[in-house]
Amino acid sequence: MDGFLEKACEIDAQILKNERMSAHTSFHIGGPADIFAQPVSVDALIKLLKLAADLGVHVELVGAGTNLLVRDGGVRGVVISTRRLCGVKIAECGSGYAVIEAECGVPLPSLAVFARENSLSGLEFAQGIPGTLGGALCMNAGAYGGVIGELVESVYCCDLSGNAFMKTGAELEFGYRKSVFSRGDSVALSTRIRLVRGEKDDISALMESYAARRRETQPLDMPSAGSTFKRPEGHFAGKLISDAGLKGTTVGGAQVSRKHAGFVVNIGNATAADVLNLCGIVADEVKRKFDVELEREIRVIGED
């Protein structure tokens, strides 16, 4: 690790040692990362990946940490955050459409606002999804009938050895809460998203209606990682959990939200172990009562 640290300091990135990951997740949970790096350019990210590969150092890539649970023992190796990679521009214009080119660290709400300000429709659903574009591509994030994968024209990617390449949207294997990036062996660097022309007032009204629905139904005032479980086929996870009588169930500082049972929230000083134990209790009870398997949607990294 010392060799990595010495050479990483020559790369255009912020490098921190023993950085607590609780400061970088929306759950406010997580032990320390040996090294936490925030590159300020795509080239710097590629250089960090190449350096880690050359030295055999384990790497975890994270975005805004909004769909992430870091275990209490922290992360051995290097955590690379993409949050400073926020470039976005109009790359192409045509009759009735335009293509946005955005780097992987752009927050989805910011991208939706950029589209609105340029009278481009298609990203309204993303207004309230708190993650980055890179995280959204990994999970094929969506809401209110829209998903990011349907908008992607192409992605500039690299593998974990820093070898860069292009993929078309059709090559990214988008599915329900998954894509090729879910495998963890490559990362999106920048993405071309094709949108249609629309009326700014109509786009704004739709975005506000989605925001109002979120405020009414989701525990946005409490630390969480968003929806905790994926939607089982033919069911809704939140309804199953609620029907099982599990709203308000608490383990340590982790609780099944009383407002929306699909969310596990941090009610104060929750540990990753609290969250995972609670998830296990919920999954077991739903299986027992309804014979439905729940699969976690949140990504879990690190050591116990």
# chains A, B, ... in the order shown; residues from 1 in each chain; ligands from 1
>>> residues_around(residues="Leu151 of chain A", least_positions_apart="5", cutoff="8 Å", atoms="only C-alpha atoms", output="list in words")
Gly122, Ile193, Arg194 and Leu195 of chain A
>>> residues_around(residues="Val196 of chain A", least_positions_apart="3", cutoff="12 Å", atoms="only C-alpha atoms", output="list of chain:residue names")
A:Glu92, A:Cys93, A:Gly94, A:Ser95, A:Gly96, A:Tyr97, A:Ala98, A:Val99, A:Ile100, A:Ala115, A:Arg116, A:Asn118, A:Ser119, A:Leu120, A:Ser121, A:Gly122, A:Leu123, A:Glu124, A:Leu151, A:Ile193, A:Glu199, A:Lys200, A:Ile203
>>> write_last_selection(atoms="N, CA and C atoms", output="PDB file, in the first residue's frame")
ATOM      1  N   GLU A  92     -24.567  16.833 -29.313  1.00  0.00           N
ATOM      2  CA  GLU A  92     -25.130  16.719 -30.670  1.00  0.00           C
ATOM      3  C   GLU A  92     -26.561  17.228 -30.653  1.00  0.00           C
ATOM      4  N   CYS A  93     -26.936  17.926 -31.687  1.00  0.00           N
ATOM      5  CA  CYS A  93     -28.315  18.406 -31.818  1.00  0.00           C
ATOM      6  C   CYS A  93     -28.872  17.985 -33.172  1.00  0.00           C
ATOM      7  N   GLY A  94     -30.144  17.675 -33.195  1.00  0.00           N
ATOM      8  CA  GLY A  94     -30.797  17.317 -34.450  1.00  0.00           C
ATOM      9  C   GLY A  94     -32.240  17.760 -34.421  1.00  0.00           C
ATOM     10  N   SER A  95     -32.978  17.404 -35.415  1.00  0.00           N
ATOM     11  CA  SER A  95     -34.386  17.769 -35.498  1.00  0.00           C
ATOM     12  C   SER A  95     -35.193  16.986 -34.463  1.00  0.00           C
ATOM     13  N   GLY A  96     -35.610  17.667 -33.423  1.00  0.00           N
ATOM     14  CA  GLY A  96     -36.439  17.044 -32.406  1.00  0.00           C
ATOM     15  C   GLY A  96     -35.697  16.283 -31.341  1.00  0.00           C
ATOM     16  N   TYR A  97     -34.368  16.293 -31.344  1.00  0.00           N
ATOM     17  CA  TYR A  97     -33.615  15.554 -30.324  1.00  0.00           C
ATOM     18  C   TYR A  97     -32.285  16.254 -30.044  1.00  0.00           C
ATOM     19  N   ALA A  98     -31.632  15.811 -28.981  1.00  0.00           N
ATOM     20  CA  ALA A  98     -30.257  16.225 -28.689  1.00  0.00           C
ATOM     21  C   ALA A  98     -29.599  15.121 -27.884  1.00  0.00           C
ATOM     22  N   VAL A  99     -28.279  15.078 -27.933  1.00  0.00           N
ATOM     23  CA  VAL A  99     -27.498  14.096 -27.182  1.00  0.00           C
ATOM     24  C   VAL A  99     -26.684  14.830 -26.128  1.00  0.00           C
ATOM     25  N   ILE A 100     -26.863  14.416 -24.875  1.00  0.00           N
ATOM     26  CA  ILE A 100     -26.066  14.923 -23.758  1.00  0.00           C
ATOM     27  C   ILE A 100     -24.888  13.987 -23.551  1.00  0.00           C
ATOM     28  N   ALA A 115     -31.031  18.814 -18.397  1.00  0.00           N
ATOM     29  CA  ALA A 115     -31.911  18.488 -19.515  1.00  0.00           C
ATOM     30  C   ALA A 115     -33.095  19.450 -19.560  1.00  0.00           C
ATOM     31  N   ARG A 116     -33.699  19.697 -18.404  1.00  0.00           N
ATOM     32  CA  ARG A 116     -34.840  20.615 -18.363  1.00  0.00           C
ATOM     33  C   ARG A 116     -34.459  22.007 -18.846  1.00  0.00           C
ATOM     34  N   ASN A 118     -32.372  22.833 -20.888  1.00  0.00           N
ATOM     35  CA  ASN A 118     -32.168  22.824 -22.337  1.00  0.00           C
ATOM     36  C   ASN A 118     -33.399  22.307 -23.090  1.00  0.00           C
ATOM     37  N   SER A 119     -34.549  22.278 -22.378  1.00  0.00           N
ATOM     38  CA  SER A 119     -35.830  21.857 -22.969  1.00  0.00           C
ATOM     39  C   SER A 119     -35.750  20.468 -23.590  1.00  0.00           C
ATOM     40  N   LEU A 120     -35.103  19.545 -22.861  1.00  0.00           N
ATOM     41  CA  LEU A 120     -34.975  18.163 -23.316  1.00  0.00           C
ATOM     42  C   LEU A 120     -35.736  17.242 -22.372  1.00  0.00           C
ATOM     43  N   SER A 121     -36.547  16.370 -22.931  1.00  0.00           N
ATOM     44  CA  SER A 121     -37.402  15.486 -22.151  1.00  0.00           C
ATOM     45  C   SER A 121     -36.894  14.043 -22.201  1.00  0.00           C
ATOM     46  N   GLY A 122     -37.159  13.319 -21.111  1.00  0.00           N
ATOM     47  CA  GLY A 122     -36.768  11.914 -21.015  1.00  0.00           C
ATOM     48  C   GLY A 122     -36.136  11.575 -19.692  1.00  0.00           C
ATOM     49  N   LEU A 123     -35.575  12.589 -19.019  1.00  0.00           N
ATOM     50  CA  LEU A 123     -34.899  12.368 -17.737  1.00  0.00           C
ATOM     51  C   LEU A 123     -35.719  12.853 -16.543  1.00  0.00           C
ATOM     52  N   GLU A 124     -36.983  13.180 -16.748  1.00  0.00           N
ATOM     53  CA  GLU A 124     -37.793  13.699 -15.644  1.00  0.00           C
ATOM     54  C   GLU A 124     -37.818  12.725 -14.463  1.00  0.00           C
ATOM     55  N   LEU A 151     -32.215   5.256 -22.528  1.00  0.00           N
ATOM     56  CA  LEU A 151     -31.773   6.532 -23.082  1.00  0.00           C
ATOM     57  C   LEU A 151     -30.323   6.514 -23.557  1.00  0.00           C
ATOM     58  N   ILE A 193     -26.302  10.335 -23.889  1.00  0.00           N
ATOM     59  CA  ILE A 193     -27.713  10.073 -23.619  1.00  0.00           C
ATOM     60  C   ILE A 193     -28.561  10.841 -24.624  1.00  0.00           C
ATOM     61  N   GLU A 199     -41.290  20.895 -24.103  1.00  0.00           N
ATOM     62  CA  GLU A 199     -41.589  22.208 -23.554  1.00  0.00           C
ATOM     63  C   GLU A 199     -41.076  22.284 -22.120  1.00  0.00           C
ATOM     64  N   LYS A 200     -40.291  23.318 -21.836  1.00  0.00           N
ATOM     65  CA  LYS A 200     -39.663  23.440 -20.525  1.00  0.00           C
ATOM     66  C   LYS A 200     -40.693  23.439 -19.395  1.00  0.00           C
ATOM     67  N   ILE A 203     -41.937  19.907 -18.807  1.00  0.00           N
ATOM     68  CA  ILE A 203     -40.892  19.106 -18.165  1.00  0.00           C
ATOM     69  C   ILE A 203     -40.811  19.452 -16.681  1.00  0.00           C
TER      70      ILE A 203
END
>>> select_by_dssp(residues="segment 45-268 of chain A", states="strand (DSSP E)", output="PDB file with N, CA and C atoms, in the first residue's frame")
ATOM      1  N   VAL A  59      -9.353  -2.715  -5.498  1.00  0.00           N
ATOM      2  CA  VAL A  59     -10.047  -1.455  -5.750  1.00  0.00           C
ATOM      3  C   VAL A  59     -11.549  -1.654  -5.633  1.00  0.00           C
ATOM      4  N   GLU A  60     -12.214  -0.707  -4.960  1.00  0.00           N
ATOM      5  CA  GLU A  60     -13.664  -0.597  -4.980  1.00  0.00           C
ATOM      6  C   GLU A  60     -14.014   0.763  -5.566  1.00  0.00           C
ATOM      7  N   LEU A  61     -14.898   0.792  -6.539  1.00  0.00           N
ATOM      8  CA  LEU A  61     -15.352   2.039  -7.148  1.00  0.00           C
ATOM      9  C   LEU A  61     -16.709   2.423  -6.581  1.00  0.00           C
ATOM     10  N   VAL A  62     -16.847   3.688  -6.183  1.00  0.00           N
ATOM     11  CA  VAL A  62     -18.108   4.161  -5.635  1.00  0.00           C
ATOM     12  C   VAL A  62     -18.453   5.506  -6.264  1.00  0.00           C
ATOM     13  N   LEU A  68     -25.351   2.251  -1.162  1.00  0.00           N
ATOM     14  CA  LEU A  68     -24.158   1.550  -0.685  1.00  0.00           C
ATOM     15  C   LEU A  68     -24.188   1.362   0.822  1.00  0.00           C
ATOM     16  N   LEU A  69     -23.856   0.151   1.259  1.00  0.00           N
ATOM     17  CA  LEU A  69     -23.631  -0.136   2.675  1.00  0.00           C
ATOM     18  C   LEU A  69     -22.207  -0.643   2.825  1.00  0.00           C
ATOM     19  N   VAL A  70     -21.401   0.058   3.610  1.00  0.00           N
ATOM     20  CA  VAL A  70     -20.020  -0.346   3.866  1.00  0.00           C
ATOM     21  C   VAL A  70     -19.968  -1.023   5.232  1.00  0.00           C
ATOM     22  N   VAL A  75     -12.813  -1.008   4.410  1.00  0.00           N
ATOM     23  CA  VAL A  75     -12.407  -1.560   3.117  1.00  0.00           C
ATOM     24  C   VAL A  75     -10.887  -1.610   3.035  1.00  0.00           C
ATOM     25  N   ARG A  76     -10.373  -2.801   2.809  1.00  0.00           N
ATOM     26  CA  ARG A  76      -8.926  -2.950   2.614  1.00  0.00           C
ATOM     27  C   ARG A  76      -8.607  -2.647   1.148  1.00  0.00           C
ATOM     28  N   GLY A  77      -7.558  -1.882   0.951  1.00  0.00           N
ATOM     29  CA  GLY A  77      -7.193  -1.488  -0.399  1.00  0.00           C
ATOM     30  C   GLY A  77      -7.596  -0.053  -0.653  1.00  0.00           C
ATOM     31  N   VAL A  78      -8.082   0.209  -1.869  1.00  0.00           N
ATOM     32  CA  VAL A  78      -8.369   1.572  -2.310  1.00  0.00           C
ATOM     33  C   VAL A  78      -9.834   1.706  -2.700  1.00  0.00           C
ATOM     34  N   VAL A  79     -10.484   2.727  -2.180  1.00  0.00           N
ATOM     35  CA  VAL A  79     -11.809   3.117  -2.640  1.00  0.00           C
ATOM     36  C   VAL A  79     -11.628   4.335  -3.539  1.00  0.00           C
ATOM     37  N   ILE A  80     -12.104   4.239  -4.776  1.00  0.00           N
ATOM     38  CA  ILE A  80     -12.028   5.362  -5.711  1.00  0.00           C
ATOM     39  C   ILE A  80     -13.422   5.926  -5.900  1.00  0.00           C
ATOM     40  N   SER A  81     -13.584   7.199  -5.568  1.00  0.00           N
ATOM     41  CA  SER A  81     -14.862   7.879  -5.721  1.00  0.00           C
ATOM     42  C   SER A  81     -14.863   8.689  -7.013  1.00  0.00           C
ATOM     43  N   VAL A  88     -20.579  17.900 -18.070  1.00  0.00           N
ATOM     44  CA  VAL A  88     -21.778  17.608 -18.850  1.00  0.00           C
ATOM     45  C   VAL A  88     -21.926  18.674 -19.928  1.00  0.00           C
ATOM     46  N   LYS A  89     -22.337  18.237 -21.127  1.00  0.00           N
ATOM     47  CA  LYS A  89     -22.486  19.175 -22.241  1.00  0.00           C
ATOM     48  C   LYS A  89     -23.454  18.606 -23.269  1.00  0.00           C
ATOM     49  N   ILE A  90     -23.942  19.492 -24.138  1.00  0.00           N
ATOM     50  CA  ILE A  90     -24.709  19.051 -25.304  1.00  0.00           C
ATOM     51  C   ILE A  90     -23.705  18.648 -26.378  1.00  0.00           C
ATOM     52  N   ALA A  91     -23.734  17.388 -26.772  1.00  0.00           N
ATOM     53  CA  ALA A  91     -22.742  16.882 -27.718  1.00  0.00           C
ATOM     54  C   ALA A  91     -23.244  16.875 -29.152  1.00  0.00           C
ATOM     55  N   GLU A  92     -24.567  16.833 -29.313  1.00  0.00           N
ATOM     56  CA  GLU A  92     -25.130  16.719 -30.670  1.00  0.00           C
ATOM     57  C   GLU A  92     -26.561  17.228 -30.653  1.00  0.00           C
ATOM     58  N   CYS A  93     -26.936  17.926 -31.687  1.00  0.00           N
ATOM     59  CA  CYS A  93     -28.315  18.406 -31.818  1.00  0.00           C
ATOM     60  C   CYS A  93     -28.872  17.985 -33.172  1.00  0.00           C
ATOM     61  N   GLY A  94     -30.144  17.675 -33.195  1.00  0.00           N
ATOM     62  CA  GLY A  94     -30.797  17.317 -34.450  1.00  0.00           C
ATOM     63  C   GLY A  94     -32.240  17.760 -34.421  1.00  0.00           C
ATOM     64  N   TYR A  97     -34.368  16.293 -31.344  1.00  0.00           N
ATOM     65  CA  TYR A  97     -33.615  15.554 -30.324  1.00  0.00           C
ATOM     66  C   TYR A  97     -32.285  16.254 -30.044  1.00  0.00           C
ATOM     67  N   ALA A  98     -31.632  15.811 -28.981  1.00  0.00           N
ATOM     68  CA  ALA A  98     -30.257  16.225 -28.689  1.00  0.00           C
ATOM     69  C   ALA A  98     -29.599  15.121 -27.884  1.00  0.00           C
ATOM     70  N   VAL A  99     -28.279  15.078 -27.933  1.00  0.00           N
ATOM     71  CA  VAL A  99     -27.498  14.096 -27.182  1.00  0.00           C
ATOM     72  C   VAL A  99     -26.684  14.830 -26.128  1.00  0.00           C
ATOM     73  N   ILE A 100     -26.863  14.416 -24.875  1.00  0.00           N
ATOM     74  CA  ILE A 100     -26.066  14.923 -23.758  1.00  0.00           C
ATOM     75  C   ILE A 100     -24.888  13.987 -23.551  1.00  0.00           C
ATOM     76  N   GLU A 101     -23.709  14.559 -23.346  1.00  0.00           N
ATOM     77  CA  GLU A 101     -22.544  13.760 -22.964  1.00  0.00           C
ATOM     78  C   GLU A 101     -22.173  14.135 -21.535  1.00  0.00           C
ATOM     79  N   ALA A 102     -22.146  13.154 -20.629  1.00  0.00           N
ATOM     80  CA  ALA A 102     -21.937  13.425 -19.210  1.00  0.00           C
ATOM     81  C   ALA A 102     -20.950  12.436 -18.611  1.00  0.00           C
ATOM     82  N   GLU A 103     -20.111  12.930 -17.687  1.00  0.00           N
ATOM     83  CA  GLU A 103     -19.168  12.071 -16.978  1.00  0.00           C
ATOM     84  C   GLU A 103     -19.872  11.296 -15.874  1.00  0.00           C
ATOM     85  N   LEU A 120     -35.103  19.545 -22.861  1.00  0.00           N
ATOM     86  CA  LEU A 120     -34.975  18.163 -23.316  1.00  0.00           C
ATOM     87  C   LEU A 120     -35.736  17.242 -22.372  1.00  0.00           C
ATOM     88  N   SER A 121     -36.547  16.370 -22.931  1.00  0.00           N
ATOM     89  CA  SER A 121     -37.402  15.486 -22.151  1.00  0.00           C
ATOM     90  C   SER A 121     -36.894  14.043 -22.201  1.00  0.00           C
ATOM     91  N   GLY A 142     -34.191   3.493 -12.282  1.00  0.00           N
ATOM     92  CA  GLY A 142     -35.414   3.967 -12.890  1.00  0.00           C
ATOM     93  C   GLY A 142     -36.471   4.284 -11.856  1.00  0.00           C
ATOM     94  N   ALA A 143     -37.518   4.978 -12.316  1.00  0.00           N
ATOM     95  CA  ALA A 143     -38.658   5.314 -11.470  1.00  0.00           C
ATOM     96  C   ALA A 143     -39.777   5.817 -12.367  1.00  0.00           C
ATOM     97  N   GLY A 146     -39.715   5.166 -16.134  1.00  0.00           N
ATOM     98  CA  GLY A 146     -38.530   5.476 -16.915  1.00  0.00           C
ATOM     99  C   GLY A 146     -37.307   4.772 -16.361  1.00  0.00           C
ATOM    100  N   VAL A 147     -36.388   4.373 -17.242  1.00  0.00           N
ATOM    101  CA  VAL A 147     -35.125   3.778 -16.811  1.00  0.00           C
ATOM    102  C   VAL A 147     -33.996   4.382 -17.635  1.00  0.00           C
ATOM    103  N   VAL A 152     -29.592   5.464 -23.211  1.00  0.00           N
ATOM    104  CA  VAL A 152     -28.152   5.439 -23.462  1.00  0.00           C
ATOM    105  C   VAL A 152     -27.851   5.119 -24.920  1.00  0.00           C
ATOM    106  N   GLU A 153     -27.070   5.992 -25.545  1.00  0.00           N
ATOM    107  CA  GLU A 153     -26.623   5.778 -26.918  1.00  0.00           C
ATOM    108  C   GLU A 153     -25.296   5.021 -26.931  1.00  0.00           C
ATOM    109  N   SER A 154     -24.345   5.461 -26.098  1.00  0.00           N
ATOM    110  CA  SER A 154     -23.050   4.779 -25.990  1.00  0.00           C
ATOM    111  C   SER A 154     -22.366   5.195 -24.702  1.00  0.00           C
ATOM    112  N   VAL A 155     -21.400   4.381 -24.289  1.00  0.00           N
ATOM    113  CA  VAL A 155     -20.645   4.651 -23.061  1.00  0.00           C
ATOM    114  C   VAL A 155     -19.161   4.426 -23.322  1.00  0.00           C
ATOM    115  N   TYR A 156     -18.367   5.391 -22.876  1.00  0.00           N
ATOM    116  CA  TYR A 156     -16.906   5.249 -22.862  1.00  0.00           C
ATOM    117  C   TYR A 156     -16.553   4.607 -21.525  1.00  0.00           C
ATOM    118  N   CYS A 157     -15.943   3.436 -21.557  1.00  0.00           N
ATOM    119  CA  CYS A 157     -15.721   2.621 -20.364  1.00  0.00           C
ATOM    120  C   CYS A 157     -14.242   2.291 -20.200  1.00  0.00           C
ATOM    121  N   CYS A 158     -13.918   1.703 -19.058  1.00  0.00           N
ATOM    122  CA  CYS A 158     -12.613   1.047 -18.929  1.00  0.00           C
ATOM    123  C   CYS A 158     -12.742  -0.119 -17.964  1.00  0.00           C
ATOM    124  N   ASP A 159     -11.831  -1.079 -18.109  1.00  0.00           N
ATOM    125  CA  ASP A 159     -11.824  -2.191 -17.168  1.00  0.00           C
ATOM    126  C   ASP A 159     -10.982  -1.806 -15.954  1.00  0.00           C
ATOM    127  N   ALA A 164      -9.277   1.355 -21.770  1.00  0.00           N
ATOM    128  CA  ALA A 164     -10.499   2.054 -22.156  1.00  0.00           C
ATOM    129  C   ALA A 164     -11.074   1.502 -23.458  1.00  0.00           C
ATOM    130  N   PHE A 165     -12.406   1.571 -23.597  1.00  0.00           N
ATOM    131  CA  PHE A 165     -13.087   1.087 -24.791  1.00  0.00           C
ATOM    132  C   PHE A 165     -14.491   1.690 -24.836  1.00  0.00           C
ATOM    133  N   MET A 166     -15.146   1.567 -25.989  1.00  0.00           N
ATOM    134  CA  MET A 166     -16.507   2.061 -26.180  1.00  0.00           C
ATOM    135  C   MET A 166     -17.487   0.897 -26.229  1.00  0.00           C
ATOM    136  N   LYS A 167     -18.684   1.123 -25.725  1.00  0.00           N
ATOM    137  CA  LYS A 167     -19.781   0.167 -25.877  1.00  0.00           C
ATOM    138  C   LYS A 167     -21.045   0.934 -26.264  1.00  0.00           C
ATOM    139  N   THR A 168     -21.828   0.346 -27.132  1.00  0.00           N
ATOM    140  CA  THR A 168     -23.126   0.933 -27.458  1.00  0.00           C
ATOM    141  C   THR A 168     -24.114   0.583 -26.353  1.00  0.00           C
ATOM    142  N   SER A 186     -15.767  -3.513 -14.803  1.00  0.00           N
ATOM    143  CA  SER A 186     -15.575  -2.346 -15.661  1.00  0.00           C
ATOM    144  C   SER A 186     -16.342  -1.174 -15.064  1.00  0.00           C
ATOM    145  N   VAL A 187     -16.030   0.014 -15.548  1.00  0.00           N
ATOM    146  CA  VAL A 187     -16.663   1.225 -15.036  1.00  0.00           C
ATOM    147  C   VAL A 187     -16.993   2.147 -16.202  1.00  0.00           C
ATOM    148  N   ALA A 188     -18.144   2.816 -16.109  1.00  0.00           N
ATOM    149  CA  ALA A 188     -18.504   3.830 -17.103  1.00  0.00           C
ATOM    150  C   ALA A 188     -17.732   5.103 -16.802  1.00  0.00           C
ATOM    151  N   LEU A 189     -17.115   5.693 -17.826  1.00  0.00           N
ATOM    152  CA  LEU A 189     -16.368   6.943 -17.661  1.00  0.00           C
ATOM    153  C   LEU A 189     -17.203   8.136 -18.103  1.00  0.00           C
ATOM    154  N   SER A 190     -17.783   8.061 -19.284  1.00  0.00           N
ATOM    155  CA  SER A 190     -18.702   9.094 -19.765  1.00  0.00           C
ATOM    156  C   SER A 190     -19.736   8.448 -20.668  1.00  0.00           C
ATOM    157  N   THR A 191     -20.877   9.097 -20.768  1.00  0.00           N
ATOM    158  CA  THR A 191     -22.038   8.490 -21.423  1.00  0.00           C
ATOM    159  C   THR A 191     -22.726   9.489 -22.332  1.00  0.00           C
ATOM    160  N   ARG A 192     -23.173   9.006 -23.480  1.00  0.00           N
ATOM    161  CA  ARG A 192     -23.989   9.804 -24.395  1.00  0.00           C
ATOM    162  C   ARG A 192     -25.448   9.367 -24.225  1.00  0.00           C
ATOM    163  N   ILE A 193     -26.302  10.335 -23.889  1.00  0.00           N
ATOM    164  CA  ILE A 193     -27.713  10.073 -23.619  1.00  0.00           C
ATOM    165  C   ILE A 193     -28.561  10.841 -24.624  1.00  0.00           C
ATOM    166  N   ARG A 194     -29.428  10.137 -25.315  1.00  0.00           N
ATOM    167  CA  ARG A 194     -30.263  10.749 -26.349  1.00  0.00           C
ATOM    168  C   ARG A 194     -31.630  11.120 -25.763  1.00  0.00           C
ATOM    169  N   LEU A 195     -32.008  12.403 -25.900  1.00  0.00           N
ATOM    170  CA  LEU A 195     -33.267  12.917 -25.376  1.00  0.00           C
ATOM    171  C   LEU A 195     -34.046  13.614 -26.480  1.00  0.00           C
ATOM    172  N   VAL A 196     -35.329  13.805 -26.239  1.00  0.00           N
ATOM    173  CA  VAL A 196     -36.180  14.449 -27.235  1.00  0.00           C
ATOM    174  C   VAL A 196     -36.489  15.881 -26.800  1.00  0.00           C
ATOM    175  N   ARG A 197     -36.783  16.735 -27.771  1.00  0.00           N
ATOM    176  CA  ARG A 197     -37.166  18.107 -27.467  1.00  0.00           C
ATOM    177  C   ARG A 197     -38.535  18.140 -26.795  1.00  0.00           C
ATOM    178  N   SER A 224     -30.622   6.661   4.666  1.00  0.00           N
ATOM    179  CA  SER A 224     -30.930   5.337   4.138  1.00  0.00           C
ATOM    180  C   SER A 224     -30.115   5.146   2.867  1.00  0.00           C
ATOM    181  N   ALA A 225     -30.295   4.004   2.235  1.00  0.00           N
ATOM    182  CA  ALA A 225     -29.676   3.756   0.928  1.00  0.00           C
ATOM    183  C   ALA A 225     -30.750   3.538  -0.118  1.00  0.00           C
ATOM    184  N   GLY A 226     -31.890   4.202   0.060  1.00  0.00           N
ATOM    185  CA  GLY A 226     -32.988   4.052  -0.878  1.00  0.00           C
ATOM    186  C   GLY A 226     -33.712   2.732  -0.679  1.00  0.00           C
ATOM    187  N   SER A 227     -34.325   2.245  -1.725  1.00  0.00           N
ATOM    188  CA  SER A 227     -35.053   0.975  -1.634  1.00  0.00           C
ATOM    189  C   SER A 227     -34.083  -0.134  -1.254  1.00  0.00           C
ATOM    190  N   THR A 250     -37.008  -2.959  14.534  1.00  0.00           N
ATOM    191  CA  THR A 250     -35.735  -2.289  14.793  1.00  0.00           C
ATOM    192  C   THR A 250     -34.678  -3.269  15.291  1.00  0.00           C
ATOM    193  N   VAL A 251     -33.473  -3.122  14.776  1.00  0.00           N
ATOM    194  CA  VAL A 251     -32.298  -3.835  15.284  1.00  0.00           C
ATOM    195  C   VAL A 251     -31.222  -2.787  15.528  1.00  0.00           C
ATOM    196  N   ALA A 254     -30.926   0.459  13.321  1.00  0.00           N
ATOM    197  CA  ALA A 254     -31.549   0.278  12.006  1.00  0.00           C
ATOM    198  C   ALA A 254     -33.016  -0.064  12.177  1.00  0.00           C
ATOM    199  N   GLN A 255     -33.852   0.525  11.318  1.00  0.00           N
ATOM    200  CA  GLN A 255     -35.295   0.332  11.456  1.00  0.00           C
ATOM    201  C   GLN A 255     -35.962   0.237  10.085  1.00  0.00           C
ATOM    202  N   VAL A 256     -36.964  -0.642   9.976  1.00  0.00           N
ATOM    203  CA  VAL A 256     -37.827  -0.636   8.806  1.00  0.00           C
ATOM    204  C   VAL A 256     -38.682   0.629   8.898  1.00  0.00           C
ATOM    205  N   PHE A 263     -37.932   0.741   2.789  1.00  0.00           N
ATOM    206  CA  PHE A 263     -36.692   1.419   3.177  1.00  0.00           C
ATOM    207  C   PHE A 263     -36.259   0.973   4.568  1.00  0.00           C
ATOM    208  N   VAL A 264     -34.991   0.627   4.713  1.00  0.00           N
ATOM    209  CA  VAL A 264     -34.374   0.506   6.034  1.00  0.00           C
ATOM    210  C   VAL A 264     -33.647   1.813   6.300  1.00  0.00           C
ATOM    211  N   VAL A 265     -33.899   2.422   7.463  1.00  0.00           N
ATOM    212  CA  VAL A 265     -33.332   3.732   7.781  1.00  0.00           C
ATOM    213  C   VAL A 265     -32.436   3.643   9.009  1.00  0.00           C
ATOM    214  N   ASN A 266     -31.534   4.600   9.088  1.00  0.00           N
ATOM    215  CA  ASN A 266     -30.626   4.734  10.233  1.00  0.00           C
ATOM    216  C   ASN A 266     -31.261   5.724  11.201  1.00  0.00           C
TER     217      ASN A 266
END
>>> atom_distance(atom1="atom CA of Ile267 of chain A", atom2="atom CA of Gly253 of chain A")
5.3 Å
>>> residues_around(residues="Ala44 of chain A", least_positions_apart="5", cutoff="8 Å", atoms="only C-alpha atoms", output="number ranges by chain")
A: 11-13, 39
>>> residues_around(residues="Asp304 of chain A", least_positions_apart="3", cutoff="7 Å", atoms="only C-alpha atoms", output="list in words")
Arg71, Asp72 and Gly73 of chain A
>>> residues_around(residues="Gly245 of chain A", least_positions_apart="2", cutoff="10 Å", atoms="only C-alpha atoms", output="list in words")
Lys239, Leu240, Ile241, Ser242, Asp243, Lys247, Gly248, Thr249, Ala261, Val282, Glu285 and Val286 of chain A
>>> select_by_dssp(residues="segment 104-216 of chain A", states="helix (DSSP H, G or I)", output="ChimeraX atom specification")
/A:108-117,124-128,133-139,148-151,169-172,180-183,200-216
>>> atom_distance(atom1="atom CA of Gly302 of chain A", atom2="atom CA of Gly30 of chain A")
8.4 Å
